[in-house]
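*Asks:* Sharing a structure below in structure tokens format, with a few things to ask.
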Amino acid sequence: MNDQRNNRRQAGDVGPTPRRQAGDGGPATHGKARYSGSAPHGQAHYRTTSREHAKRATTSKKVSERGSRQYYTPNATYGKPGQVGRIDYSRENPRYKGVKRRRRQNRAPVVIASALVAALVVGGTVMWNTRPVDIKLNGRDARARIGATLVDAQRDNDLSVRPGNYVSVSGKVLREGEGTPLSARVDGSDLSAADVEKYRIKGGETIEISDGKDRVEEYTATETRTQPKLRMDGDGTALAYVSQWGREGVTERRTGKETGETADVVTQETQDCIVYLRNVSPDDDRKVVALTFDDGPSTYTQRYLDILSSAGAKATFFCLGQMIDKYPDLAKAIVDQGSQIASHTYAHQRLSKLDAETLQSEHGESFQRIRDAAGVSTTVFRPPYGEYNESCWLRSAGLASVSVLWTQDSRDWARPGADEIVTNSLVNIKPGSIVLMHDGGGDRDQDLEALPKIIKALKDQGFEFVTIDELMQSDSTIPKDIATGNATIPDDAVWPTEIGD
Ligand SMILES: [Zn+2]
């Protein structure tokens with residue numbers, strides 16, 4: 001699939017044309033060519049204005065013609081003399097003689113004055129509509145007529161830019177100078193080719209004008225989509241999280257309507273999905289640690305929560321969906337105490353041995369139980385037996401965003417005695433450490449004895465107890481959406497279907 005990308009021919013991309021050498025005409029020639037090319041734009045604009053002027057003049061003419069016909073034609077009659085129902089206004093009709101004369105004397109100056117006022121208004125309007133205004137052009141103060149096009153403004157200010165070319169799908173120049181006349185950025189936004197044409201100077205704007213872009217011949221296209229791959233990066237052991245979501249690539253095979261040439265153009269680069277392996281390293285070496293308890297909720301959960309509360313501490317409980325089914329209230333109690341609840345899958349199976357469907361259900365069912373019982377949306381989990389390899393990530397469909405292991409194993413499951421649990425938990429502890437203990441899975445009396453000692457020892461060393469989400473947030477290299485603990489695959493992303501290099 002990747003060779004789609006390698007076959008790409010850059011030349012088909014729209015962009016400034018490679019320029020000819022100076023001896024080949026130079027900027028002046030191009031400039032001139034451009035000016036003559038641009039002249040119709042300018043003229044078209046003024047033509048519109050004079051057309052309006054002409055239209056107004058014609059209207060005035062019609063008025064005065066009507067006037068002269070009505071008032072000045074000596075023999076004009078409206079109805080023939082003697083006709084029933086018609087009045088003879090002609091001069092021969094003595095009855096209206098006076099009236100008519102009076103009208104002629106009164107209306108003439110009015111008509112002339114009106115025409116004059118109209119002419120002044122039209123003239124004034126034209127001048128007002130084309131008045132010069134200040135603009136900022138390519139970093140300099142400049143003047144342009146209001147309503148002028150960008151090509152006008154460029155020409156009037158002697159800015160030399162080269163138009164793009166008209167090119168084939170493979171980028172071969174078919175006709176020089178027949179691309180867009182110029183490119184423009186107005187008040188910080190790039191204008192499309194269509195907007196460059198439509199734009200009219202308002203006054204006060206900041207304009208950056210540069211060389212025009214190539215215009216590609218019309219073409220038909222067929223699309224090939226390239227799937228992202230899954231890649232692992234980083235060298236930590238405590239966390240594995242999605243540091244980049246995968247996105248499909250799109251390659252268009254374009255066939256030029258004019259030339260029949262074909263060219264493969266990547267219109268969207270493929271973006272691989274990256275799972276990053278990292279040990280948390282809090283910013284400024286902030287002394288934060290996370291205590292974690294697996295396999296609950298259980299009959300011990302409340303006692304752990306009480307110890308944490310009395311010490312003003314919190315922890316993270318990686319709960320099994322099937323245990324939440326049994327103790328939904330404890331799932332809620334964890335959150336109410338200020339601790340975090342996250343998933344330990346539904347039924348504690350070896351995920352690396354499961355097919356995709358079962359693996360996804362282990363995630364989905366557990367996340368759903370947490371949502372239902374504790375009202376928390378999370379995509380953070382700890383894999384049973386710490387087993388979650390690249391192939392598990394591939395089969396997960398992106399349901400989980402963070403896999404959490406540990407840096408200190410209390411080995412409480414072996415029941416070595418409270419003191420050894422304390423020692424194991426504290427060995428080599430440092431900012432960003434994650435301590436593994438257990439909530440369910442058997443007799444936890446030694447943990448209940450060890451926990452207050454662990455908390456006291458860490459407090460004495462100046463450590464603060466945080467949840468796994470807070471621990472991630474303490475390390476600014478971890479993407480913010482991941483550190484919320486509830487990241488889900490974005491709408492425009494796709495989960496990879498194969499493992500990359
Ligand atoms: Zn477990």
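Following the order of the structure tokens, first chain is A, next is B, and so on, with residues numbered from 1 inside each chain and ligands from 1 in the order they appear.
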Taking only residues of chain A that have an atom at most 10 Å from an atom of ligand 1, what is each one's shortest atom pair and its distance in Å to one decimal, using only C-alpha atoms and all ligand atoms, in chain and number order, as a tab-separated table?
*Replies:*
residue	atom	partner	partner_atom_place_in_ligand_line	distance
A:Phe293	CA	ligand 1	1 (Zn)	9.0
A:Asp294	CA	ligand 1	1 (Zn)	5.4
A:Asp295	CA	ligand 1	1 (Zn)	4.9
A:Gly296	CA	ligand 1	1 (Zn)	8.7
A:Phe318	CA	ligand 1	1 (Zn)	8.2
A:Cys319	CA	ligand 1	1 (Zn)	8.6
A:Leu320	CA	ligand 1	1 (Zn)	8.2
A:His344	CA	ligand 1	1 (Zn)	6.7
A:Thr345	CA	ligand 1	1 (Zn)	9.0
A:Ala347	CA	ligand 1	1 (Zn)	9.5
A:His348	CA	ligand 1	1 (Zn)	6.3
A:Gln349	CA	ligand 1	1 (Zn)	9.0
A:Arg382	CA	ligand 1	1 (Zn)	8.0
A:Pro383	CA	ligand 1	1 (Zn)	7.4
A:Pro384	CA	ligand 1	1 (Zn)	4.6
A:Tyr385	CA	ligand 1	1 (Zn)	6.1
A:Gly386	CA	ligand 1	1 (Zn)	8.2
A:Trp413	CA	ligand 1	1 (Zn)	10.0
A:Met437	CA	ligand 1	1 (Zn)	9.7
A:His438	CA	ligand 1	1 (Zn)	7.7
A:Asp439	CA	ligand 1	1 (Zn)	9.3
A:Gly440	CA	ligand 1	1 (Zn)	8.3
A:Gly441	CA	ligand 1	1 (Zn)	7.9
*Asks:* Find the residues around Asp355 in chain A up to 12 Å (only C-alpha atoms counted), leave out those fewer than 4 positions away in its own chain, and share them as an MDAnalysis selection string.
*Replies:* chainID A and resid 349:351 359:362 391:397
*Asks:* Could you list, as a list in words, every residue within 12 Å of Lys456 in chain A, counting only C-alpha atoms and ignoring same-chain residues fewer than 2 positions away?
*Replies:*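 Here the qualifying residues turn out to be Ile307, Leu308, Ser310, Ala311, Gly312, Ala313, Val422, Leu426, Ala450, Leu451, Pro452, Lys453, Ile454, Leu458, Lys459, Asp460, Gln461, Gly462, Phe463, Glu464 and Phe465 of chain A.
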*Asks:* Could you give me the residues within range 311-414 of chain A that DSSP places in strand (DSSP E or B), as a short mmCIF file (atom, residue, chain, number, x, y, z; two decimals) with C-alpha atoms, in the first residue's frame?
*Replies:*
data_model
loop_
_atom_site.label_atom_id
_atom_site.label_comp_id
_atom_site.auth_asym_id
_atom_site.auth_seq_id
_atom_site.Cartn_x
_atom_site.Cartn_y
_atom_site.Cartn_z
CA THR A 316 -6.49 4.14 41.91
CA PHE A 317 -8.56 0.95 41.94
CA PHE A 318 -8.33 -1.25 38.85
CA CYS A 319 -11.63 -3.07 39.12
CA GLN A 340 -9.96 6.85 40.78
CA ILE A 341 -11.72 3.82 39.36
CA ALA A 342 -10.29 2.22 36.21
CA SER A 343 -10.66 -1.11 34.46
CA VAL A 380 -7.68 3.52 31.32
CA PHE A 381 -7.03 -0.11 32.25
CA VAL A 402 -3.90 3.80 28.32
CA SER A 403 -2.51 0.53 29.69
CA VAL A 404 -1.05 0.94 33.18
CA GLN A 408 7.02 -1.04 42.45
CA ASP A 409 5.54 -4.49 43.04
#
*Asks:* Between A:Ser114, A:Ser168, A:Gln154, A:Thr180, single out the one closest to Ala194 in chain A, counting only C-alpha atoms.
*Replies:*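 Ranking A:Ser114, A:Ser168, A:Gln154, A:Thr180 by distance to Ala194 in chain A, first place goes to A:Thr180.
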*Asks:* Have a look at A:Trp406, A:Tyr327, A:Tyr388, A:Tyr276 and name the one nearest to Thr301 in chain A; count only C-alpha atoms.
*Replies:*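 Checking each candidate against Thr301 in chain A, we get A:Tyr327 as the closest.
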*Asks:* Distance CA of Val151 in chain A-CA of Asp214 in chain A, one decimal place?
*Replies:*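 Separation of CA of Val151 in chain A and CA of Asp214 in chain A: 16.7 Å.
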*Asks:* What's the separation between CA of Ile370 in chain A and CA of Asp469 in chain A, in Å to one decimal place?
*Replies:*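 Rounded to one decimal, the two atoms are 15.6 Å apart.
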*Asks:* Separation of CA of Asp325 in chain A and CA of Leu305 in chain A, in Å?
*Replies:*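 Result for CA of Asp325 in chain A versus CA of Leu305 in chain A: 19.3 Å, one decimal.
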*Asks:* Using only C-alpha atoms, which residue out of A:Asn157, A:Pro416, A:Ile209, A:Val275 lies closest to Gly234 in chain A?
*Replies:*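 For Gly234 in chain A, the nearest of the candidates is A:Val275.
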*Asks:* Please determine, counting only C-alpha atoms, which residue among A:Leu239, A:Leu116, A:Val196, A:Val126 has the shortest atom-to-atom distance to Asp152 in chain A.
*Replies:*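 Under the stated criterion, the closest residue is A:Val196.
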